[in-house]
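Below is upload_37.cif, which holds mmCIF, C-alpha atoms.
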data_input
#
loop_
_atom_site.group_PDB
_atom_site.id
_atom_site.type_symbol
_atom_site.label_atom_id
_atom_site.label_comp_id
_atom_site.auth_asym_id
_atom_site.auth_seq_id
_atom_site.Cartn_x
_atom_site.Cartn_y
_atom_site.Cartn_z
ATOM 1 C CA ASN A 1 13.435 -15.358 -1.678
ATOM 2 C CA ALA A 2 12.144 -13.802 1.509
ATOM 3 C CA GLY A 3 9.593 -11.054 1.184
ATOM 4 C CA VAL A 4 9.750 -7.583 2.658
ATOM 5 C CA MET A 5 10.527 -7.973 6.341
ATOM 6 C CA GLN A 6 9.329 -5.482 8.892
ATOM 7 C CA ASN A 7 10.008 -5.479 12.600
ATOM 8 C CA PRO A 8 8.714 -5.251 15.112
ATOM 9 C CA ARG A 9 5.196 -6.325 14.128
ATOM 10 C CA HIS A 10 3.745 -4.546 17.113
ATOM 11 C CA LEU A 11 5.258 -1.648 19.017
ATOM 12 C CA VAL A 12 3.888 0.058 22.101
ATOM 13 C CA ARG A 13 5.245 3.416 23.189
ATOM 14 C CA ARG A 14 4.265 6.013 25.739
ATOM 15 C CA ARG A 15 3.783 9.601 24.701
ATOM 16 C CA GLY A 16 7.128 11.348 24.317
ATOM 17 C CA GLN A 17 9.144 8.210 23.593
ATOM 18 C CA GLU A 18 10.860 7.377 20.328
ATOM 19 C CA ALA A 19 9.702 4.714 17.897
ATOM 20 C CA ARG A 20 12.040 2.990 15.443
ATOM 21 C CA LEU A 21 10.534 0.877 12.700
ATOM 22 C CA ARG A 22 12.725 -1.337 10.542
ATOM 23 C CA CYS A 23 12.276 -2.587 7.018
ATOM 24 C CA SER A 24 14.445 -5.010 5.062
ATOM 25 C CA PRO A 25 13.512 -4.953 1.358
ATOM 26 C CA MET A 26 13.333 -8.018 -0.829
ATOM 27 C CA LYS A 27 16.678 -9.249 -2.077
ATOM 28 C CA GLY A 28 17.782 -7.249 -5.094
ATOM 29 C CA HIS A 29 15.339 -4.412 -4.466
ATOM 30 C CA SER A 30 16.843 -0.957 -4.328
ATOM 31 C CA HIS A 31 13.737 1.171 -3.771
ATOM 32 C CA VAL A 32 11.957 1.451 -0.425
ATOM 33 C CA TYR A 33 8.676 3.198 0.339
ATOM 34 C CA TRP A 34 6.964 3.886 3.649
ATOM 35 C CA TYR A 35 3.192 4.267 3.992
ATOM 36 C CA ARG A 36 0.955 4.951 6.968
ATOM 37 C CA GLN A 37 -2.513 3.511 7.443
ATOM 38 C CA LEU A 38 -4.728 5.164 9.994
ATOM 39 C CA PRO A 39 -7.723 3.189 11.330
ATOM 40 C CA GLU A 40 -10.467 2.749 8.724
ATOM 41 C CA GLU A 41 -8.444 4.585 6.075
ATOM 42 C CA GLY A 42 -6.364 3.749 3.048
ATOM 43 C CA LEU A 43 -2.620 3.913 2.916
ATOM 44 C CA LYS A 44 -0.940 7.294 2.646
ATOM 45 C CA PHE A 45 2.506 7.693 1.146
ATOM 46 C CA MET A 46 5.180 9.043 3.451
ATOM 47 C CA VAL A 47 8.623 8.711 1.875
ATOM 48 C CA TYR A 48 10.525 7.056 -0.960
ATOM 49 C CA LEU A 49 14.191 6.147 -0.574
ATOM 50 C CA GLN A 50 16.977 4.546 -2.508
ATOM 51 C CA LYS A 51 20.241 3.500 -0.910
ATOM 52 C CA GLU A 52 21.624 6.498 1.035
ATOM 53 C CA ASN A 53 19.200 8.895 -0.693
ATOM 54 C CA ILE A 54 15.782 10.302 0.041
ATOM 55 C CA ILE A 55 14.040 10.668 -3.306
ATOM 56 C CA ASP A 56 10.593 11.927 -2.270
ATOM 57 C CA GLU A 57 9.561 12.879 1.245
ATOM 58 C CA SER A 58 6.480 14.848 0.293
ATOM 59 C CA GLY A 59 4.267 12.751 2.586
ATOM 60 C CA MET A 60 6.398 13.022 5.702
ATOM 61 C CA PRO A 61 5.200 15.212 8.561
ATOM 62 C CA LYS A 62 7.521 18.187 8.877
ATOM 63 C CA GLU A 63 8.501 17.474 12.461
ATOM 64 C CA ARG A 64 9.453 14.412 14.510
ATOM 65 C CA PHE A 65 9.555 11.987 11.545
ATOM 66 C CA SER A 66 12.671 10.908 9.681
ATOM 67 C CA ALA A 67 13.704 8.033 7.448
ATOM 68 C CA GLU A 68 16.923 6.549 6.196
ATOM 69 C CA PHE A 69 18.077 3.706 3.989
ATOM 70 C CA PRO A 70 21.785 3.235 4.658
ATOM 71 C CA LYS A 71 24.260 1.517 2.396
ATOM 72 C CA GLU A 72 24.224 -1.467 4.714
ATOM 73 C CA GLY A 73 21.280 -2.619 6.776
ATOM 74 C CA PRO A 74 17.550 -2.030 6.820
ATOM 75 C CA SER A 75 15.598 1.122 6.191
ATOM 76 C CA ILE A 76 14.555 2.876 9.392
ATOM 77 C CA LEU A 77 11.521 5.059 9.999
ATOM 78 C CA ARG A 78 12.050 7.057 13.164
ATOM 79 C CA ILE A 79 9.372 8.909 15.065
ATOM 80 C CA GLN A 80 10.547 11.129 17.887
ATOM 81 C CA GLN A 81 8.399 12.212 20.827
ATOM 82 C CA VAL A 82 5.445 10.122 19.750
ATOM 83 C CA VAL A 83 1.899 11.361 20.298
ATOM 84 C CA ARG A 84 -1.383 9.432 20.332
ATOM 85 C CA GLY A 85 -2.132 10.549 16.787
ATOM 86 C CA ASP A 86 0.897 8.576 15.588
ATOM 87 C CA SER A 87 -0.912 5.328 16.418
ATOM 88 C CA ALA A 88 -1.287 3.575 13.084
ATOM 89 C CA ALA A 89 -0.027 0.735 10.944
ATOM 90 C CA TYR A 90 3.172 1.587 9.104
ATOM 91 C CA PHE A 91 3.885 -0.372 5.959
ATOM 92 C CA CYS A 92 7.089 -0.653 4.039
ATOM 93 C CA ALA A 93 7.221 -1.626 0.384
ATOM 94 C CA SER A 94 10.109 -2.337 -1.936
ATOM 95 C CA SER A 95 10.522 -2.510 -5.680
ATOM 96 C CA PRO A 96 13.303 -3.720 -7.955
ATOM 97 C CA PRO A 97 15.370 -1.563 -10.299
ATOM 98 C CA GLY A 98 14.650 -1.551 -13.995
ATOM 99 C CA ALA A 99 11.452 -2.234 -15.874
ATOM 100 C CA SER A 100 9.553 -3.672 -12.915
ATOM 101 C CA LYS A 101 10.238 -0.782 -10.605
ATOM 102 C CA ASN A 102 6.604 0.293 -10.583
ATOM 103 C CA ILE A 103 5.541 -2.867 -8.804
ATOM 104 C CA GLN A 104 5.753 -2.528 -5.053
ATOM 105 C CA TYR A 105 5.795 -5.457 -2.684
ATOM 106 C CA PHE A 106 4.580 -4.844 0.844
ATOM 107 C CA GLY A 107 5.653 -6.078 4.223
ATOM 108 C CA ALA A 108 3.232 -7.163 6.942
ATOM 109 C CA GLY A 109 3.495 -3.800 8.670
ATOM 110 C CA THR A 110 4.325 -2.484 12.117
ATOM 111 C CA ARG A 111 1.381 -1.561 14.274
ATOM 112 C CA LEU A 112 2.323 1.295 16.548
ATOM 113 C CA SER A 113 0.237 1.994 19.622
ATOM 114 C CA VAL A 114 0.937 5.131 21.621
ATOM 115 C CA LEU A 115 -0.371 5.097 25.176
ATOM 116 C CA ALA B 1 -1.643 15.076 -9.498
ATOM 117 C CA GLN B 2 -3.216 11.686 -9.083
ATOM 118 C CA SER B 3 -6.180 10.451 -7.084
ATOM 119 C CA VAL B 4 -8.319 7.362 -6.699
ATOM 120 C CA THR B 5 -11.952 7.027 -5.726
ATOM 121 C CA GLN B 6 -13.394 3.704 -4.685
ATOM 122 C CA LEU B 7 -17.172 3.740 -4.768
ATOM 123 C CA GLY B 8 -18.622 1.888 -1.817
ATOM 124 C CA SER B 9 -16.661 1.435 1.375
ATOM 125 C CA HIS B 10 -18.529 -1.823 2.056
ATOM 126 C CA VAL B 11 -19.741 -4.384 -0.459
ATOM 127 C CA SER B 12 -21.593 -7.532 0.487
ATOM 128 C CA VAL B 13 -22.301 -10.404 -1.910
ATOM 129 C CA SER B 14 -23.474 -13.964 -1.589
ATOM 130 C CA GLU B 15 -21.101 -16.864 -2.079
ATOM 131 C CA GLY B 16 -21.085 -17.738 -5.770
ATOM 132 C CA ALA B 17 -22.313 -14.316 -6.865
ATOM 133 C CA LEU B 18 -20.489 -11.804 -9.044
ATOM 134 C CA VAL B 19 -18.037 -9.506 -7.282
ATOM 135 C CA LEU B 20 -17.734 -5.952 -8.632
ATOM 136 C CA LEU B 21 -15.537 -3.403 -6.850
ATOM 137 C CA ARG B 22 -15.436 0.033 -8.420
ATOM 138 C CA CYS B 23 -12.402 2.246 -8.888
ATOM 139 C CA ASN B 24 -12.104 5.551 -10.716
ATOM 140 C CA TYR B 25 -8.856 7.399 -11.052
ATOM 141 C CA SER B 26 -7.552 10.796 -11.974
ATOM 142 C CA SER B 27 -4.083 11.204 -13.421
ATOM 143 C CA SER B 28 -2.276 13.890 -15.378
ATOM 144 C CA VAL B 29 0.094 11.305 -16.858
ATOM 145 C CA PRO B 30 -0.511 7.844 -18.299
ATOM 146 C CA PRO B 31 -1.350 5.817 -15.243
ATOM 147 C CA TYR B 32 -0.214 2.543 -13.859
ATOM 148 C CA LEU B 33 -3.076 0.995 -11.912
ATOM 149 C CA PHE B 34 -3.098 -1.669 -9.244
ATOM 150 C CA TRP B 35 -5.447 -3.650 -7.062
ATOM 151 C CA TYR B 36 -4.192 -4.903 -3.730
ATOM 152 C CA VAL B 37 -5.927 -7.117 -1.169
ATOM 153 C CA GLN B 38 -5.410 -6.873 2.585
ATOM 154 C CA TYR B 39 -6.463 -9.617 4.960
ATOM 155 C CA PRO B 40 -6.940 -8.731 8.643
ATOM 156 C CA ASN B 41 -3.710 -7.734 10.375
ATOM 157 C CA GLN B 42 -1.640 -8.470 7.295
ATOM 158 C CA GLY B 43 0.174 -6.491 4.654
ATOM 159 C CA LEU B 44 -1.010 -5.819 1.127
ATOM 160 C CA GLN B 45 -0.834 -8.467 -1.544
ATOM 161 C CA LEU B 46 -0.799 -7.509 -5.209
ATOM 162 C CA LEU B 47 -3.839 -8.878 -7.050
ATOM 163 C CA LEU B 48 -3.181 -7.446 -10.486
ATOM 164 C CA LYS B 49 -1.679 -4.493 -12.318
ATOM 165 C CA TYR B 50 -2.218 -2.449 -15.473
ATOM 166 C CA THR B 51 0.945 -1.019 -17.005
ATOM 167 C CA SER B 52 -0.213 0.118 -20.470
ATOM 168 C CA ALA B 53 -0.329 -3.301 -22.096
ATOM 169 C CA ALA B 54 -3.621 -5.217 -22.488
ATOM 170 C CA THR B 55 -6.614 -3.343 -21.104
ATOM 171 C CA LEU B 56 -8.143 -6.493 -19.605
ATOM 172 C CA VAL B 57 -5.871 -7.668 -16.853
ATOM 173 C CA LYS B 58 -6.089 -11.033 -15.167
ATOM 174 C CA GLY B 59 -4.815 -11.458 -11.649
ATOM 175 C CA ILE B 60 -4.575 -14.043 -8.943
ATOM 176 C CA ASN B 61 -7.474 -15.869 -7.285
ATOM 177 C CA GLY B 62 -9.734 -15.492 -10.328
ATOM 178 C CA PHE B 63 -9.881 -11.690 -10.244
ATOM 179 C CA GLU B 64 -9.646 -9.466 -13.278
ATOM 180 C CA ALA B 65 -9.940 -5.774 -14.044
ATOM 181 C CA GLU B 66 -10.526 -3.734 -17.168
ATOM 182 C CA PHE B 67 -8.851 -0.409 -17.853
ATOM 183 C CA LYS B 68 -11.284 1.998 -19.517
ATOM 184 C CA LYS B 69 -9.575 5.246 -20.376
ATOM 185 C CA SER B 70 -12.774 6.950 -21.571
ATOM 186 C CA GLU B 71 -14.393 6.285 -18.191
ATOM 187 C CA THR B 72 -11.176 6.671 -16.150
ATOM 188 C CA SER B 73 -12.116 3.423 -14.464
ATOM 189 C CA PHE B 74 -10.391 0.232 -13.383
ATOM 190 C CA HIS B 75 -13.121 -1.899 -11.807
ATOM 191 C CA LEU B 76 -12.276 -5.243 -10.240
ATOM 192 C CA THR B 77 -14.457 -8.275 -10.908
ATOM 193 C CA LYS B 78 -14.686 -11.945 -10.083
ATOM 194 C CA PRO B 79 -17.418 -14.135 -11.590
ATOM 195 C CA SER B 80 -18.084 -16.221 -8.497
ATOM 196 C CA ALA B 81 -17.318 -15.127 -4.954
ATOM 197 C CA HIS B 82 -15.722 -17.469 -2.462
ATOM 198 C CA MET B 83 -15.749 -17.141 1.307
ATOM 199 C CA SER B 84 -11.974 -16.707 1.266
ATOM 200 C CA ASP B 85 -12.381 -13.504 -0.778
ATOM 201 C CA ALA B 86 -13.576 -11.610 2.296
ATOM 202 C CA ALA B 87 -10.985 -8.886 2.810
ATOM 203 C CA GLU B 88 -10.218 -5.205 2.222
ATOM 204 C CA TYR B 89 -9.446 -4.243 -1.360
ATOM 205 C CA PHE B 90 -7.451 -1.209 -2.376
ATOM 206 C CA CYS B 91 -7.136 0.397 -5.784
ATOM 207 C CA ALA B 92 -3.974 2.434 -6.389
ATOM 208 C CA VAL B 93 -2.455 4.583 -9.121
ATOM 209 C CA SER B 94 1.074 5.670 -9.901
ATOM 210 C CA GLY B 95 2.846 7.377 -12.771
ATOM 211 C CA LEU B 96 5.765 6.307 -14.907
ATOM 212 C CA GLY B 97 8.889 5.324 -13.100
ATOM 213 C CA ALA B 98 9.370 4.339 -9.506
ATOM 214 C CA GLN B 99 6.925 6.673 -7.879
ATOM 215 C CA LYS B 100 4.628 6.628 -4.908
ATOM 216 C CA LEU B 101 1.327 4.800 -5.000
ATOM 217 C CA VAL B 102 -1.804 6.819 -4.362
ATOM 218 C CA PHE B 103 -4.438 4.619 -2.763
ATOM 219 C CA GLY B 104 -8.184 4.762 -2.614
ATOM 220 C CA GLN B 105 -9.982 4.532 0.699
ATOM 221 C CA GLY B 106 -10.542 0.812 0.323
ATOM 222 C CA THR B 107 -13.594 -1.411 -0.044
ATOM 223 C CA ARG B 108 -14.400 -4.031 2.546
ATOM 224 C CA LEU B 109 -15.825 -7.119 0.845
ATOM 225 C CA THR B 110 -18.080 -9.395 2.869
ATOM 226 C CA ILE B 111 -19.203 -12.765 1.541
ATOM 227 C CA ASN B 112 -22.512 -14.152 2.789
ATOM 228 C CA PRO B 113 -22.959 -17.924 2.922
#
Step by step, read the file and then write its structure as structure tokens.
Amino acid sequence: NAGVMQNPRHLVRRRGQEARLRCSPMKGHSHVYWYRQLPEEGLKFMVYLQKENIIDESGMPKERFSAEFPKEGPSILRIQQVVRGDSAAYFCASSPPGASKNIQYFGAGTRLSVL
Amino acid sequence: AQSVTQLGSHVSVSEGALVLLRCNYSSSVPPYLFWYVQYPNQGLQLLLKYTSAATLVKGINGFEAEFKKSETSFHLTKPSAHMSDAAEYFCAVSGLGAQKLVFGQGTRLTINP
């Protein structure tokens, strides 16, 4: 059973470009979470999604950031018009339905560098 | 609202010595508590979890943690440190149901030979 898969592992963008980060949850997992880790800091929650639904986006910046988890395919975190302050590691986590849904399993992350 | 405080951003111990990483939490609902470990340039790996069962929780790699409600603490310990334990450790809290994790700032553990 493959773990949470994130790609790309490293992404370099110039200011003003768009960044698309992909996350495939573990097989059978229906909950996806995105977190951001700034240098020398802990992880900060961004958004929680189930298939085709955003459940909690209280940690998402109000502008330029969006997330989706379509019926088919991976979850996508999209950052439009990136700025240097968006440089960070972005982690995706997934959890199964049912009694174990509190346990989140993390991917290896995407490290975004904005030049 | 929930929050986590990890006391000590850097902890250094000798190989073979006791490891103690401190975590205090604040939660308005019964908490679920977690410790994760992060090796350089990698994702987070779950070490152990407390989900309202036994207060002493055993995890992987010889780590354990004790939930103390009266002290709102969930400190992580290991009797004898190994060089491979050098990493960043994060304490996290969540509430009932599939909810977001709130992380502490992390503690970087260094093991001296």
* **Two-atom distance - CA of Cys23 in chain B, CA of Gly43 in chain B (Å)** =>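 Going from CA of Cys23 in chain B over to CA of Gly43 in chain B, I get 20.4 Å.
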* Applied to this file, what does the PyMOL selection byres ((chain B) within 8 of (chain A)) return in terms of residues, put as a PyMOL selection string? -> chain B and resi 32+41-46+90+94+96-106
* Asked: What is the distance between CA of Asn53 in chain A and CA of Gln2 in chain B, in Å to one decimal?
  ->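 Here the two named atoms are 24.1 Å from each other.
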* Please identify all polymer residues within 12 Å of Gly62 in chain B, counting all atoms listed in the file, omitting same-chain residues fewer than 4 positions from it, and present them as an MDAnalysis selection string. => chainID B and resid 18:19 47:48 57:58 76:82 84:85
* To do: Write out as a list in words each polymer residue whose atoms come within 8 Å of Ser87 in chain A, counting all atoms listed in the file; drop sequence neighbours fewer than 6 positions from it.
  => Leu38, Arg111, Leu112, Ser113 and Val114 of chain A
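The coordinates place CA of Pro39 in chain A at 20.8 Å from CA of Arg64 in chain A.
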Can you fill out range 58-80 of chain B with N, CA, C and O atoms and hand it back as a PDB file, keeping the file's coordinate frame?
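As written to disk, selection30.pdb reads:
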ATOM      1  N   LYS B  58      -5.720  -9.910 -16.026  1.00  0.00           N
ATOM      2  CA  LYS B  58      -6.089 -11.033 -15.167  1.00  0.00           C
ATOM      3  C   LYS B  58      -5.109 -11.112 -14.008  1.00  0.00           C
ATOM      4  O   LYS B  58      -3.899 -10.951 -14.185  1.00  0.00           O
ATOM      5  N   GLY B  59      -5.648 -11.378 -12.822  1.00  0.00           N
ATOM      6  CA  GLY B  59      -4.815 -11.458 -11.649  1.00  0.00           C
ATOM      7  C   GLY B  59      -4.923 -12.806 -10.960  1.00  0.00           C
ATOM      8  O   GLY B  59      -5.387 -13.782 -11.538  1.00  0.00           O
ATOM      9  N   ILE B  60      -4.533 -12.804  -9.705  1.00  0.00           N
ATOM     10  CA  ILE B  60      -4.575 -14.043  -8.943  1.00  0.00           C
ATOM     11  C   ILE B  60      -5.974 -14.281  -8.376  1.00  0.00           C
ATOM     12  O   ILE B  60      -6.799 -13.362  -8.339  1.00  0.00           O
ATOM     13  N   ASN B  61      -6.220 -15.509  -7.959  1.00  0.00           N
ATOM     14  CA  ASN B  61      -7.474 -15.869  -7.285  1.00  0.00           C
ATOM     15  C   ASN B  61      -8.721 -15.621  -8.135  1.00  0.00           C
ATOM     16  O   ASN B  61      -9.812 -15.441  -7.596  1.00  0.00           O
ATOM     17  N   GLY B  62      -8.585 -15.628  -9.443  1.00  0.00           N
ATOM     18  CA  GLY B  62      -9.734 -15.492 -10.328  1.00  0.00           C
ATOM     19  C   GLY B  62     -10.219 -14.079 -10.557  1.00  0.00           C
ATOM     20  O   GLY B  62     -11.253 -13.857 -11.198  1.00  0.00           O
ATOM     21  N   PHE B  63      -9.496 -13.084 -10.057  1.00  0.00           N
ATOM     22  CA  PHE B  63      -9.881 -11.690 -10.244  1.00  0.00           C
ATOM     23  C   PHE B  63      -9.373 -11.150 -11.576  1.00  0.00           C
ATOM     24  O   PHE B  63      -8.347 -11.585 -12.078  1.00  0.00           O
ATOM     25  N   GLU B  64     -10.100 -10.193 -12.110  1.00  0.00           N
ATOM     26  CA  GLU B  64      -9.646  -9.466 -13.278  1.00  0.00           C
ATOM     27  C   GLU B  64     -10.159  -8.038 -13.224  1.00  0.00           C
ATOM     28  O   GLU B  64     -11.095  -7.722 -12.472  1.00  0.00           O
ATOM     29  N   ALA B  65      -9.531  -7.172 -14.009  1.00  0.00           N
ATOM     30  CA  ALA B  65      -9.940  -5.774 -14.044  1.00  0.00           C
ATOM     31  C   ALA B  65      -9.756  -5.253 -15.457  1.00  0.00           C
ATOM     32  O   ALA B  65      -8.874  -5.707 -16.191  1.00  0.00           O
ATOM     33  N   GLU B  66     -10.588  -4.303 -15.831  1.00  0.00           N
ATOM     34  CA  GLU B  66     -10.526  -3.734 -17.168  1.00  0.00           C
ATOM     35  C   GLU B  66     -10.234  -2.241 -17.079  1.00  0.00           C
ATOM     36  O   GLU B  66     -10.941  -1.494 -16.383  1.00  0.00           O
ATOM     37  N   PHE B  67      -9.196  -1.823 -17.782  1.00  0.00           N
ATOM     38  CA  PHE B  67      -8.851  -0.409 -17.853  1.00  0.00           C
ATOM     39  C   PHE B  67      -9.687   0.241 -18.949  1.00  0.00           C
ATOM     40  O   PHE B  67      -9.632  -0.181 -20.111  1.00  0.00           O
ATOM     41  N   LYS B  68     -10.470   1.251 -18.561  1.00  0.00           N
ATOM     42  CA  LYS B  68     -11.284   1.998 -19.517  1.00  0.00           C
ATOM     43  C   LYS B  68     -10.891   3.468 -19.441  1.00  0.00           C
ATOM     44  O   LYS B  68     -11.332   4.195 -18.540  1.00  0.00           O
ATOM     45  N   LYS B  69     -10.095   3.880 -20.403  1.00  0.00           N
ATOM     46  CA  LYS B  69      -9.575   5.246 -20.376  1.00  0.00           C
ATOM     47  C   LYS B  69     -10.700   6.274 -20.494  1.00  0.00           C
ATOM     48  O   LYS B  69     -10.691   7.302 -19.815  1.00  0.00           O
ATOM     49  N   SER B  70     -11.685   5.999 -21.350  1.00  0.00           N
ATOM     50  CA  SER B  70     -12.774   6.950 -21.571  1.00  0.00           C
ATOM     51  C   SER B  70     -13.598   7.178 -20.305  1.00  0.00           C
ATOM     52  O   SER B  70     -14.191   8.239 -20.119  1.00  0.00           O
ATOM     53  N   GLU B  71     -13.632   6.177 -19.441  1.00  0.00           N
ATOM     54  CA  GLU B  71     -14.393   6.285 -18.191  1.00  0.00           C
ATOM     55  C   GLU B  71     -13.478   6.517 -16.986  1.00  0.00           C
ATOM     56  O   GLU B  71     -13.970   6.606 -15.861  1.00  0.00           O
ATOM     57  N   THR B  72     -12.206   6.592 -17.213  1.00  0.00           N
ATOM     58  CA  THR B  72     -11.176   6.671 -16.150  1.00  0.00           C
ATOM     59  C   THR B  72     -11.496   5.677 -15.030  1.00  0.00           C
ATOM     60  O   THR B  72     -11.521   6.034 -13.850  1.00  0.00           O
ATOM     61  N   SER B  73     -11.742   4.435 -15.440  1.00  0.00           N
ATOM     62  CA  SER B  73     -12.116   3.423 -14.464  1.00  0.00           C
ATOM     63  C   SER B  73     -11.202   2.215 -14.554  1.00  0.00           C
ATOM     64  O   SER B  73     -10.580   1.945 -15.586  1.00  0.00           O
ATOM     65  N   PHE B  74     -11.181   1.465 -13.470  1.00  0.00           N
ATOM     66  CA  PHE B  74     -10.391   0.232 -13.383  1.00  0.00           C
ATOM     67  C   PHE B  74     -11.093  -0.669 -12.369  1.00  0.00           C
ATOM     68  O   PHE B  74     -10.584  -0.977 -11.313  1.00  0.00           O
ATOM     69  N   HIS B  75     -12.296  -1.097 -12.722  1.00  0.00           N
ATOM     70  CA  HIS B  75     -13.121  -1.899 -11.807  1.00  0.00           C
ATOM     71  C   HIS B  75     -12.612  -3.329 -11.701  1.00  0.00           C
ATOM     72  O   HIS B  75     -12.182  -3.930 -12.690  1.00  0.00           O
ATOM     73  N   LEU B  76     -12.731  -3.871 -10.524  1.00  0.00           N
ATOM     74  CA  LEU B  76     -12.276  -5.243 -10.240  1.00  0.00           C
ATOM     75  C   LEU B  76     -13.476  -6.179 -10.222  1.00  0.00           C
ATOM     76  O   LEU B  76     -14.495  -5.856  -9.606  1.00  0.00           O
ATOM     77  N   THR B  77     -13.354  -7.314 -10.877  1.00  0.00           N
ATOM     78  CA  THR B  77     -14.457  -8.275 -10.908  1.00  0.00           C
ATOM     79  C   THR B  77     -13.958  -9.686 -10.660  1.00  0.00           C
ATOM     80  O   THR B  77     -12.785 -10.009 -10.863  1.00  0.00           O
ATOM     81  N   LYS B  78     -14.907 -10.503 -10.203  1.00  0.00           N
ATOM     82  CA  LYS B  78     -14.686 -11.945 -10.083  1.00  0.00           C
ATOM     83  C   LYS B  78     -16.033 -12.606 -10.322  1.00  0.00           C
ATOM     84  O   LYS B  78     -17.025 -12.204  -9.707  1.00  0.00           O
ATOM     85  N   PRO B  79     -16.116 -13.570 -11.213  1.00  0.00           N
ATOM     86  CA  PRO B  79     -17.418 -14.135 -11.590  1.00  0.00           C
ATOM     87  C   PRO B  79     -18.166 -14.794 -10.434  1.00  0.00           C
ATOM     88  O   PRO B  79     -19.384 -14.697 -10.342  1.00  0.00           O
ATOM     89  N   SER B  80     -17.422 -15.443  -9.545  1.00  0.00           N
ATOM     90  CA  SER B  80     -18.084 -16.221  -8.497  1.00  0.00           C
ATOM     91  C   SER B  80     -17.331 -16.052  -7.182  1.00  0.00           C
ATOM     92  O   SER B  80     -16.191 -16.502  -7.048  1.00  0.00           O
TER      93      SER B  80
END
